[in-house]
Amino acid sequence: MKRASRPSLFCDITTPTLPILFPNQKPEELYSVGAVLSKVAIFASDVVSHLVTLKERMNLGFLGFKSRENRFSFPEYSFEKVDEMFRALREIADYIVVDCETNPQNSVLTDYAMKQSDILCKLATPDLASLGFYQSQNGVMTTGGYYPPEQLLIMNIPSDDLTMLSTDTGAHLGKVDLVVPYSQTLREQYLEGKLVLPTHDKRYMQAIRAAVEAVR
């Protein structure tokens with residue numbers, strides 16, 4: 001059985017992530033996490049067979065929802081079923097990266113991942129929408145048990161015209177641990193459907209490496 005030591009799970013069922021990461025692949029070449037969660041019993045081999053992998057980097061694996069799938073595409077699954085899948089994931093993974101939805105109450109996957117996480121990376125952007133979200137939801141997330149003791153607040157700058165606002169926004173959010181700068185190279189890769197390929201933007205990669213070191 002192959003081993004994906006660094007699988008990434010994408011929880012978004014409203015806007016499935018796999019078509020964004022792999023827009024040039026046919027739907028039949030992708031696999032859905034919904035199919036895994038629909039199984040009566042989940043084993044490590046089930047997870048492995050539904051991972052989308054890259055020939056160049058077989059230690060990476062991507063698990064998420066496919067194009068045209070939504071919350072009605074599969075039977076409802078429980079917190080216990082998600083736990084079963086994560087137990088299977090741990091058999092093949094050194095660690096698991098989970099891209100959560102903003103509202104864990106609308107996603108069992110997100111609910112489980114946030115409550116069970118060893119460390120939580122909170123992404124913010126230097127705009128009023130992000131500031132408003134954290135000011136509104138920080139208390140709710142804390143009392144709901146979604147914030148573990150170890151947290152990392154990362155300021156992500158998705159557009160060059162927001163760069164100057166990062167300092168002001170960060171002052172209102174509290175301690176910002178890392179800033180990921182805007183990358184024109186990465187934007188071009190996104191537009192070309194090549195997000196999963198390595199990027200050669202040195203400043204961007206320096207920030208990503210710092211984030212990786214911070215969570216180890």
# chains A, B, ... in the order shown; residues from 1 in each chain; ligands from 1
$ select_by_dssp --residues "region 19-186 of chain A" --states "helix (DSSP H, G or I)" --output "JSON, numbers by chain"
{"A": [19, 20, 21, 27, 28, 29, 33, 34, 35, 36, 37, 44, 45, 46, 47, 48, 49, 79, 80, 81, 82, 83, 84, 85, 86, 87, 88, 89, 90, 91, 92, 104, 105, 106, 108, 109, 110, 111, 112, 113, 114, 115, 116, 128, 129, 130, 131, 132, 133, 134, 135, 136, 137, 138, 139, 140, 141, 142, 143, 160, 161, 162, 163, 164, 165, 166, 167, 168, 169, 170, 171, 172, 173, 184, 185, 186]}
$ write_last_selection --atoms "C-alpha atoms" --output "PDB file, in the first residue's frame"
ATOM      1  CA  PRO A  19     -11.376  21.391  -9.285  1.00  0.00           C
ATOM      2  CA  ILE A  20      -9.422  24.510  -8.269  1.00  0.00           C
ATOM      3  CA  LEU A  21      -6.226  22.575  -7.621  1.00  0.00           C
ATOM      4  CA  PRO A  27     -13.570  14.458 -13.238  1.00  0.00           C
ATOM      5  CA  GLU A  28     -13.006  10.702 -13.530  1.00  0.00           C
ATOM      6  CA  GLU A  29      -9.317  11.270 -12.729  1.00  0.00           C
ATOM      7  CA  VAL A  33     -13.764  12.198   0.139  1.00  0.00           C
ATOM      8  CA  GLY A  34     -17.546  11.855   0.141  1.00  0.00           C
ATOM      9  CA  ALA A  35     -17.170   8.355  -1.293  1.00  0.00           C
ATOM     10  CA  VAL A  36     -14.832   7.424   1.557  1.00  0.00           C
ATOM     11  CA  LEU A  37     -17.239   8.725   4.189  1.00  0.00           C
ATOM     12  CA  ALA A  44      -6.391   2.939   5.282  1.00  0.00           C
ATOM     13  CA  SER A  45      -6.601   1.345   1.835  1.00  0.00           C
ATOM     14  CA  ASP A  46      -9.893   3.180   1.209  1.00  0.00           C
ATOM     15  CA  VAL A  47      -8.273   6.522   1.961  1.00  0.00           C
ATOM     16  CA  VAL A  48      -5.221   5.760  -0.177  1.00  0.00           C
ATOM     17  CA  SER A  49      -7.355   4.758  -3.178  1.00  0.00           C
ATOM     18  CA  PHE A  79     -18.721  12.777  13.907  1.00  0.00           C
ATOM     19  CA  GLU A  80     -17.876   9.129  14.614  1.00  0.00           C
ATOM     20  CA  LYS A  81     -17.579   8.334  10.898  1.00  0.00           C
ATOM     21  CA  VAL A  82     -15.199  11.251  10.433  1.00  0.00           C
ATOM     22  CA  ASP A  83     -13.179   9.971  13.399  1.00  0.00           C
ATOM     23  CA  GLU A  84     -12.965   6.585  11.678  1.00  0.00           C
ATOM     24  CA  MET A  85     -11.596   8.202   8.536  1.00  0.00           C
ATOM     25  CA  PHE A  86      -9.009  10.203  10.472  1.00  0.00           C
ATOM     26  CA  ARG A  87      -7.844   7.061  12.238  1.00  0.00           C
ATOM     27  CA  ALA A  88      -7.264   5.540   8.801  1.00  0.00           C
ATOM     28  CA  LEU A  89      -5.454   8.688   7.663  1.00  0.00           C
ATOM     29  CA  ARG A  90      -3.112   8.522  10.647  1.00  0.00           C
ATOM     30  CA  GLU A  91      -1.992   5.072   9.522  1.00  0.00           C
ATOM     31  CA  ILE A  92      -0.509   6.498   6.319  1.00  0.00           C
ATOM     32  CA  PRO A 104     -17.524  24.468  11.824  1.00  0.00           C
ATOM     33  CA  GLN A 105     -21.189  24.116  12.729  1.00  0.00           C
ATOM     34  CA  ASN A 106     -21.960  23.658   9.031  1.00  0.00           C
ATOM     35  CA  VAL A 108     -18.728  17.840  10.428  1.00  0.00           C
ATOM     36  CA  LEU A 109     -15.268  17.530   8.871  1.00  0.00           C
ATOM     37  CA  THR A 110     -14.315  21.018  10.047  1.00  0.00           C
ATOM     38  CA  ASP A 111     -15.936  20.494  13.431  1.00  0.00           C
ATOM     39  CA  TYR A 112     -13.877  17.357  14.011  1.00  0.00           C
ATOM     40  CA  ALA A 113     -10.609  18.723  12.636  1.00  0.00           C
ATOM     41  CA  MET A 114     -10.680  21.922  14.686  1.00  0.00           C
ATOM     42  CA  LYS A 115     -11.602  20.156  17.916  1.00  0.00           C
ATOM     43  CA  GLN A 116      -8.950  17.450  17.465  1.00  0.00           C
ATOM     44  CA  LEU A 128     -12.499  44.730   6.782  1.00  0.00           C
ATOM     45  CA  ALA A 129     -14.238  41.419   6.054  1.00  0.00           C
ATOM     46  CA  SER A 130     -11.482  39.389   7.726  1.00  0.00           C
ATOM     47  CA  LEU A 131     -11.231  41.808  10.628  1.00  0.00           C
ATOM     48  CA  GLY A 132     -14.996  41.673  11.130  1.00  0.00           C
ATOM     49  CA  PHE A 133     -15.007  37.879  11.043  1.00  0.00           C
ATOM     50  CA  TYR A 134     -12.412  37.463  13.777  1.00  0.00           C
ATOM     51  CA  GLN A 135     -13.871  40.195  15.963  1.00  0.00           C
ATOM     52  CA  SER A 136     -17.258  38.474  15.693  1.00  0.00           C
ATOM     53  CA  GLN A 137     -16.227  34.821  15.904  1.00  0.00           C
ATOM     54  CA  ASN A 138     -13.166  34.606  18.198  1.00  0.00           C
ATOM     55  CA  GLY A 139     -15.325  34.375  21.314  1.00  0.00           C
ATOM     56  CA  VAL A 140     -17.697  31.853  19.730  1.00  0.00           C
ATOM     57  CA  MET A 141     -14.826  29.652  18.567  1.00  0.00           C
ATOM     58  CA  THR A 142     -13.127  29.759  21.957  1.00  0.00           C
ATOM     59  CA  THR A 143     -16.206  28.817  23.999  1.00  0.00           C
ATOM     60  CA  ASP A 160      -0.757  43.635  -4.025  1.00  0.00           C
ATOM     61  CA  ASP A 161      -3.031  46.590  -3.255  1.00  0.00           C
ATOM     62  CA  LEU A 162      -3.687  45.173   0.233  1.00  0.00           C
ATOM     63  CA  THR A 163      -0.034  45.042   1.241  1.00  0.00           C
ATOM     64  CA  MET A 164      -0.026  48.507   2.836  1.00  0.00           C
ATOM     65  CA  LEU A 165      -3.043  47.608   5.009  1.00  0.00           C
ATOM     66  CA  SER A 166      -1.481  44.554   6.649  1.00  0.00           C
ATOM     67  CA  THR A 167       0.102  46.508   9.516  1.00  0.00           C
ATOM     68  CA  ASP A 168      -3.091  48.370  10.436  1.00  0.00           C
ATOM     69  CA  THR A 169      -5.247  45.242  10.238  1.00  0.00           C
ATOM     70  CA  GLY A 170      -2.727  43.238  12.250  1.00  0.00           C
ATOM     71  CA  ALA A 171      -2.823  45.821  15.034  1.00  0.00           C
ATOM     72  CA  HIS A 172      -6.558  45.179  15.463  1.00  0.00           C
ATOM     73  CA  LEU A 173      -6.267  41.388  15.225  1.00  0.00           C
ATOM     74  CA  GLN A 184       2.384  37.508  -8.640  1.00  0.00           C
ATOM     75  CA  THR A 185       4.055  34.234  -9.620  1.00  0.00           C
ATOM     76  CA  LEU A 186       1.563  32.239  -7.566  1.00  0.00           C
TER      77      LEU A 186
END
$ residues_around --residues "Glu192 (chain A)" --least-positions-apart "5" --cutoff "10 Å" --atoms "only C-alpha atoms" --output "ChimeraX atom specification"
/A:23-24,186-187
$ write_last_selection --atoms "all heavy atoms" --output "mmCIF file, in the first residue's frame"
data_model
loop_
_atom_site.group_PDB
_atom_site.id
_atom_site.type_symbol
_atom_site.label_atom_id
_atom_site.label_comp_id
_atom_site.auth_asym_id
_atom_site.auth_seq_id
_atom_site.Cartn_x
_atom_site.Cartn_y
_atom_site.Cartn_z
ATOM 1 N N PRO A 23 -7.672 21.824 -12.232
ATOM 2 C CA PRO A 23 -8.687 22.198 -13.227
ATOM 3 C C PRO A 23 -8.494 21.541 -14.586
ATOM 4 O O PRO A 23 -9.428 21.490 -15.389
ATOM 5 C CB PRO A 23 -8.526 23.717 -13.332
ATOM 6 C CG PRO A 23 -7.081 23.953 -12.995
ATOM 7 C CD PRO A 23 -6.769 22.942 -11.930
ATOM 8 N N ASN A 24 -7.299 21.046 -14.854
ATOM 9 C CA ASN A 24 -7.012 20.452 -16.166
ATOM 10 C C ASN A 24 -7.206 18.942 -16.194
ATOM 11 O O ASN A 24 -6.968 18.306 -17.226
ATOM 12 C CB ASN A 24 -5.577 20.801 -16.578
ATOM 13 C CG ASN A 24 -5.359 22.305 -16.703
ATOM 14 O OD1 ASN A 24 -6.217 23.018 -17.220
ATOM 15 N ND2 ASN A 24 -4.236 22.794 -16.206
ATOM 16 N N LEU A 186 2.585 33.194 -8.006
ATOM 17 C CA LEU A 186 1.563 32.239 -7.566
ATOM 18 C C LEU A 186 0.216 32.552 -8.214
ATOM 19 O O LEU A 186 -0.532 31.630 -8.582
ATOM 20 C CB LEU A 186 1.434 32.271 -6.048
ATOM 21 C CG LEU A 186 0.614 31.132 -5.438
ATOM 22 C CD1 LEU A 186 1.328 29.799 -5.618
ATOM 23 C CD2 LEU A 186 0.354 31.388 -3.958
ATOM 24 N N ARG A 187 -0.084 33.819 -8.370
ATOM 25 C CA ARG A 187 -1.345 34.187 -9.022
ATOM 26 C C ARG A 187 -1.357 33.684 -10.468
ATOM 27 O O ARG A 187 -2.373 33.197 -10.958
ATOM 28 C CB ARG A 187 -1.556 35.700 -8.986
ATOM 29 C CG ARG A 187 -2.811 36.144 -9.741
ATOM 30 C CD ARG A 187 -3.201 37.562 -9.457
ATOM 31 N NE ARG A 187 -4.347 37.962 -10.273
ATOM 32 C CZ ARG A 187 -5.598 37.593 -10.058
ATOM 33 N NH1 ARG A 187 -5.884 36.793 -9.043
ATOM 34 N NH2 ARG A 187 -6.572 38.006 -10.834
#
$ closest_residue --among "A:Val52, A:Val176, A:Ala207, A:Leu197" --to "Thr17 (chain A)" --atoms "only C-alpha atoms"
A:Val52
$ residues_around --residues "Ala124 (chain A)" --least-positions-apart "4" --cutoff "7 Å" --atoms "only C-alpha atoms" --output "PyMOL selection string"
chain A and resi 130+154-156
$ atom_distance --atom1 "CA of Glu101 (chain A)" --atom2 "CA of Leu120 (chain A)"
12.8 Å
$ residues_around --residues "Ile208 (chain A)" --least-positions-apart "5" --cutoff "10 Å" --atoms "only C-alpha atoms" --output "PyMOL selection string"
chain A and resi 178-181+202-203+213-214
$ decode --residues "region 55-201 of chain A" --atoms "C-alpha atoms" --output "PDB file, in the first residue's frame"
ATOM      1  CA  LYS A  55       3.740  11.808 -10.018  1.00  0.00           C
ATOM      2  CA  GLU A  56       6.553  14.188  -9.132  1.00  0.00           C
ATOM      3  CA  ARG A  57       5.767  14.194  -5.386  1.00  0.00           C
ATOM      4  CA  MET A  58       4.116  10.939  -4.359  1.00  0.00           C
ATOM      5  CA  ASN A  59       4.476  11.753  -0.656  1.00  0.00           C
ATOM      6  CA  LEU A  60       1.726  14.357  -1.129  1.00  0.00           C
ATOM      7  CA  GLY A  61      -1.949  13.441  -1.310  1.00  0.00           C
ATOM      8  CA  PHE A  62      -5.066  15.559  -1.777  1.00  0.00           C
ATOM      9  CA  LEU A  63      -8.462  14.576  -0.428  1.00  0.00           C
ATOM     10  CA  GLY A  64     -11.584  16.643  -1.013  1.00  0.00           C
ATOM     11  CA  PHE A  65     -14.805  17.049  -2.948  1.00  0.00           C
ATOM     12  CA  LYS A  66     -15.130  17.022  -6.731  1.00  0.00           C
ATOM     13  CA  SER A  67     -16.804  19.335  -9.215  1.00  0.00           C
ATOM     14  CA  ARG A  68     -20.626  19.413  -9.050  1.00  0.00           C
ATOM     15  CA  GLU A  69     -20.714  17.705  -5.673  1.00  0.00           C
ATOM     16  CA  ASN A  70     -22.661  19.318  -2.850  1.00  0.00           C
ATOM     17  CA  ARG A  71     -24.096  18.355   0.538  1.00  0.00           C
ATOM     18  CA  PHE A  72     -26.846  16.351  -1.157  1.00  0.00           C
ATOM     19  CA  SER A  73     -24.400  14.206  -3.154  1.00  0.00           C
ATOM     20  CA  PHE A  74     -23.755  11.738  -0.323  1.00  0.00           C
ATOM     21  CA  PRO A  75     -25.579  10.374   2.729  1.00  0.00           C
ATOM     22  CA  GLU A  76     -25.098  12.370   5.901  1.00  0.00           C
ATOM     23  CA  TYR A  77     -22.135  11.226   7.967  1.00  0.00           C
ATOM     24  CA  SER A  78     -21.522  11.485  11.692  1.00  0.00           C
ATOM     25  CA  PHE A  79     -18.721  12.777  13.907  1.00  0.00           C
ATOM     26  CA  GLU A  80     -17.876   9.129  14.614  1.00  0.00           C
ATOM     27  CA  LYS A  81     -17.579   8.334  10.898  1.00  0.00           C
ATOM     28  CA  VAL A  82     -15.199  11.251  10.433  1.00  0.00           C
ATOM     29  CA  ASP A  83     -13.179   9.971  13.399  1.00  0.00           C
ATOM     30  CA  GLU A  84     -12.965   6.585  11.678  1.00  0.00           C
ATOM     31  CA  MET A  85     -11.596   8.202   8.536  1.00  0.00           C
ATOM     32  CA  PHE A  86      -9.009  10.203  10.472  1.00  0.00           C
ATOM     33  CA  ARG A  87      -7.844   7.061  12.238  1.00  0.00           C
ATOM     34  CA  ALA A  88      -7.264   5.540   8.801  1.00  0.00           C
ATOM     35  CA  LEU A  89      -5.454   8.688   7.663  1.00  0.00           C
ATOM     36  CA  ARG A  90      -3.112   8.522  10.647  1.00  0.00           C
ATOM     37  CA  GLU A  91      -1.992   5.072   9.522  1.00  0.00           C
ATOM     38  CA  ILE A  92      -0.509   6.498   6.319  1.00  0.00           C
ATOM     39  CA  ALA A  93       0.452  10.012   7.397  1.00  0.00           C
ATOM     40  CA  ASP A  94       3.197  11.668   9.412  1.00  0.00           C
ATOM     41  CA  TYR A  95       0.845  14.607   9.839  1.00  0.00           C
ATOM     42  CA  ILE A  96      -2.410  15.785   8.272  1.00  0.00           C
ATOM     43  CA  VAL A  97      -3.120  19.273   6.947  1.00  0.00           C
ATOM     44  CA  VAL A  98      -6.812  20.192   6.981  1.00  0.00           C
ATOM     45  CA  ASP A  99      -8.245  23.187   5.137  1.00  0.00           C
ATOM     46  CA  CYS A 100     -11.308  24.013   7.235  1.00  0.00           C
ATOM     47  CA  GLU A 101     -14.480  25.916   6.452  1.00  0.00           C
ATOM     48  CA  THR A 102     -15.140  29.180   8.283  1.00  0.00           C
ATOM     49  CA  ASN A 103     -18.193  27.826  10.122  1.00  0.00           C
ATOM     50  CA  PRO A 104     -17.524  24.468  11.824  1.00  0.00           C
ATOM     51  CA  GLN A 105     -21.189  24.116  12.729  1.00  0.00           C
ATOM     52  CA  ASN A 106     -21.960  23.658   9.031  1.00  0.00           C
ATOM     53  CA  SER A 107     -19.262  21.032   8.439  1.00  0.00           C
ATOM     54  CA  VAL A 108     -18.728  17.840  10.428  1.00  0.00           C
ATOM     55  CA  LEU A 109     -15.268  17.530   8.871  1.00  0.00           C
ATOM     56  CA  THR A 110     -14.315  21.018  10.047  1.00  0.00           C
ATOM     57  CA  ASP A 111     -15.936  20.494  13.431  1.00  0.00           C
ATOM     58  CA  TYR A 112     -13.877  17.357  14.011  1.00  0.00           C
ATOM     59  CA  ALA A 113     -10.609  18.723  12.636  1.00  0.00           C
ATOM     60  CA  MET A 114     -10.680  21.922  14.686  1.00  0.00           C
ATOM     61  CA  LYS A 115     -11.602  20.156  17.916  1.00  0.00           C
ATOM     62  CA  GLN A 116      -8.950  17.450  17.465  1.00  0.00           C
ATOM     63  CA  SER A 117      -6.129  19.554  16.018  1.00  0.00           C
ATOM     64  CA  ASP A 118      -2.713  19.762  17.642  1.00  0.00           C
ATOM     65  CA  ILE A 119      -2.152  23.236  16.251  1.00  0.00           C
ATOM     66  CA  LEU A 120      -4.484  25.651  14.483  1.00  0.00           C
ATOM     67  CA  CYS A 121      -3.353  28.067  11.780  1.00  0.00           C
ATOM     68  CA  LYS A 122      -5.760  30.986  11.526  1.00  0.00           C
ATOM     69  CA  LEU A 123      -5.553  32.803   8.193  1.00  0.00           C
ATOM     70  CA  ALA A 124      -6.440  36.473   8.016  1.00  0.00           C
ATOM     71  CA  THR A 125      -6.379  38.960   5.167  1.00  0.00           C
ATOM     72  CA  PRO A 126      -5.794  42.725   5.555  1.00  0.00           C
ATOM     73  CA  ASP A 127      -9.354  43.826   4.873  1.00  0.00           C
ATOM     74  CA  LEU A 128     -12.499  44.730   6.782  1.00  0.00           C
ATOM     75  CA  ALA A 129     -14.238  41.419   6.054  1.00  0.00           C
ATOM     76  CA  SER A 130     -11.482  39.389   7.726  1.00  0.00           C
ATOM     77  CA  LEU A 131     -11.231  41.808  10.628  1.00  0.00           C
ATOM     78  CA  GLY A 132     -14.996  41.673  11.130  1.00  0.00           C
ATOM     79  CA  PHE A 133     -15.007  37.879  11.043  1.00  0.00           C
ATOM     80  CA  TYR A 134     -12.412  37.463  13.777  1.00  0.00           C
ATOM     81  CA  GLN A 135     -13.871  40.195  15.963  1.00  0.00           C
ATOM     82  CA  SER A 136     -17.258  38.474  15.693  1.00  0.00           C
ATOM     83  CA  GLN A 137     -16.227  34.821  15.904  1.00  0.00           C
ATOM     84  CA  ASN A 138     -13.166  34.606  18.198  1.00  0.00           C
ATOM     85  CA  GLY A 139     -15.325  34.375  21.314  1.00  0.00           C
ATOM     86  CA  VAL A 140     -17.697  31.853  19.730  1.00  0.00           C
ATOM     87  CA  MET A 141     -14.826  29.652  18.567  1.00  0.00           C
ATOM     88  CA  THR A 142     -13.127  29.759  21.957  1.00  0.00           C
ATOM     89  CA  THR A 143     -16.206  28.817  23.999  1.00  0.00           C
ATOM     90  CA  GLY A 144     -17.136  26.174  21.413  1.00  0.00           C
ATOM     91  CA  GLY A 145     -13.829  24.379  21.900  1.00  0.00           C
ATOM     92  CA  TYR A 146     -12.555  25.074  18.385  1.00  0.00           C
ATOM     93  CA  TYR A 147      -9.359  26.876  19.399  1.00  0.00           C
ATOM     94  CA  PRO A 148      -6.622  24.551  20.727  1.00  0.00           C
ATOM     95  CA  PRO A 149      -3.887  25.887  23.051  1.00  0.00           C
ATOM     96  CA  GLU A 150      -1.431  26.112  20.156  1.00  0.00           C
ATOM     97  CA  GLN A 151      -2.459  28.655  17.533  1.00  0.00           C
ATOM     98  CA  LEU A 152      -0.728  30.522  14.757  1.00  0.00           C
ATOM     99  CA  LEU A 153      -2.171  33.708  13.253  1.00  0.00           C
ATOM    100  CA  ILE A 154      -1.000  34.136   9.665  1.00  0.00           C
ATOM    101  CA  MET A 155      -1.641  37.268   7.635  1.00  0.00           C
ATOM    102  CA  ASN A 156      -2.110  36.259   4.015  1.00  0.00           C
ATOM    103  CA  ILE A 157      -1.930  39.044   1.423  1.00  0.00           C
ATOM    104  CA  PRO A 158      -3.872  37.877  -1.666  1.00  0.00           C
ATOM    105  CA  SER A 159      -3.567  41.125  -3.609  1.00  0.00           C
ATOM    106  CA  ASP A 160      -0.757  43.635  -4.025  1.00  0.00           C
ATOM    107  CA  ASP A 161      -3.031  46.590  -3.255  1.00  0.00           C
ATOM    108  CA  LEU A 162      -3.687  45.173   0.233  1.00  0.00           C
ATOM    109  CA  THR A 163      -0.034  45.042   1.241  1.00  0.00           C
ATOM    110  CA  MET A 164      -0.026  48.507   2.836  1.00  0.00           C
ATOM    111  CA  LEU A 165      -3.043  47.608   5.009  1.00  0.00           C
ATOM    112  CA  SER A 166      -1.481  44.554   6.649  1.00  0.00           C
ATOM    113  CA  THR A 167       0.102  46.508   9.516  1.00  0.00           C
ATOM    114  CA  ASP A 168      -3.091  48.370  10.436  1.00  0.00           C
ATOM    115  CA  THR A 169      -5.247  45.242  10.238  1.00  0.00           C
ATOM    116  CA  GLY A 170      -2.727  43.238  12.250  1.00  0.00           C
ATOM    117  CA  ALA A 171      -2.823  45.821  15.034  1.00  0.00           C
ATOM    118  CA  HIS A 172      -6.558  45.179  15.463  1.00  0.00           C
ATOM    119  CA  LEU A 173      -6.267  41.388  15.225  1.00  0.00           C
ATOM    120  CA  GLY A 174      -3.599  41.057  17.896  1.00  0.00           C
ATOM    121  CA  LYS A 175      -0.287  39.279  17.577  1.00  0.00           C
ATOM    122  CA  VAL A 176       0.357  38.241  13.953  1.00  0.00           C
ATOM    123  CA  ASP A 177       2.884  35.433  13.903  1.00  0.00           C
ATOM    124  CA  LEU A 178       3.660  35.395  10.179  1.00  0.00           C
ATOM    125  CA  VAL A 179       2.951  37.412   7.057  1.00  0.00           C
ATOM    126  CA  VAL A 180       2.667  35.630   3.713  1.00  0.00           C
ATOM    127  CA  PRO A 181       3.376  38.243   1.022  1.00  0.00           C
ATOM    128  CA  TYR A 182       1.473  38.667  -2.203  1.00  0.00           C
ATOM    129  CA  SER A 183       2.965  36.592  -5.019  1.00  0.00           C
ATOM    130  CA  GLN A 184       2.384  37.508  -8.640  1.00  0.00           C
ATOM    131  CA  THR A 185       4.055  34.234  -9.620  1.00  0.00           C
ATOM    132  CA  LEU A 186       1.563  32.239  -7.566  1.00  0.00           C
ATOM    133  CA  ARG A 187      -1.345  34.187  -9.022  1.00  0.00           C
ATOM    134  CA  GLU A 188      -0.155  33.330 -12.527  1.00  0.00           C
ATOM    135  CA  GLN A 189       0.066  29.658 -11.543  1.00  0.00           C
ATOM    136  CA  TYR A 190      -3.489  29.864 -10.203  1.00  0.00           C
ATOM    137  CA  LEU A 191      -4.751  31.314 -13.473  1.00  0.00           C
ATOM    138  CA  GLU A 192      -2.924  28.590 -15.411  1.00  0.00           C
ATOM    139  CA  GLY A 193      -4.272  25.792 -13.201  1.00  0.00           C
ATOM    140  CA  LYS A 194      -0.845  24.987 -11.780  1.00  0.00           C
ATOM    141  CA  LEU A 195      -1.273  25.747  -8.076  1.00  0.00           C
ATOM    142  CA  VAL A 196       0.025  22.340  -6.979  1.00  0.00           C
ATOM    143  CA  LEU A 197       3.344  22.795  -8.799  1.00  0.00           C
ATOM    144  CA  PRO A 198       6.371  24.320  -7.023  1.00  0.00           C
ATOM    145  CA  THR A 199       6.604  28.095  -7.148  1.00  0.00           C
ATOM    146  CA  HIS A 200       9.871  29.979  -7.610  1.00  0.00           C
ATOM    147  CA  ASP A 201       8.898  33.122  -5.713  1.00  0.00           C
TER     148      ASP A 201
END
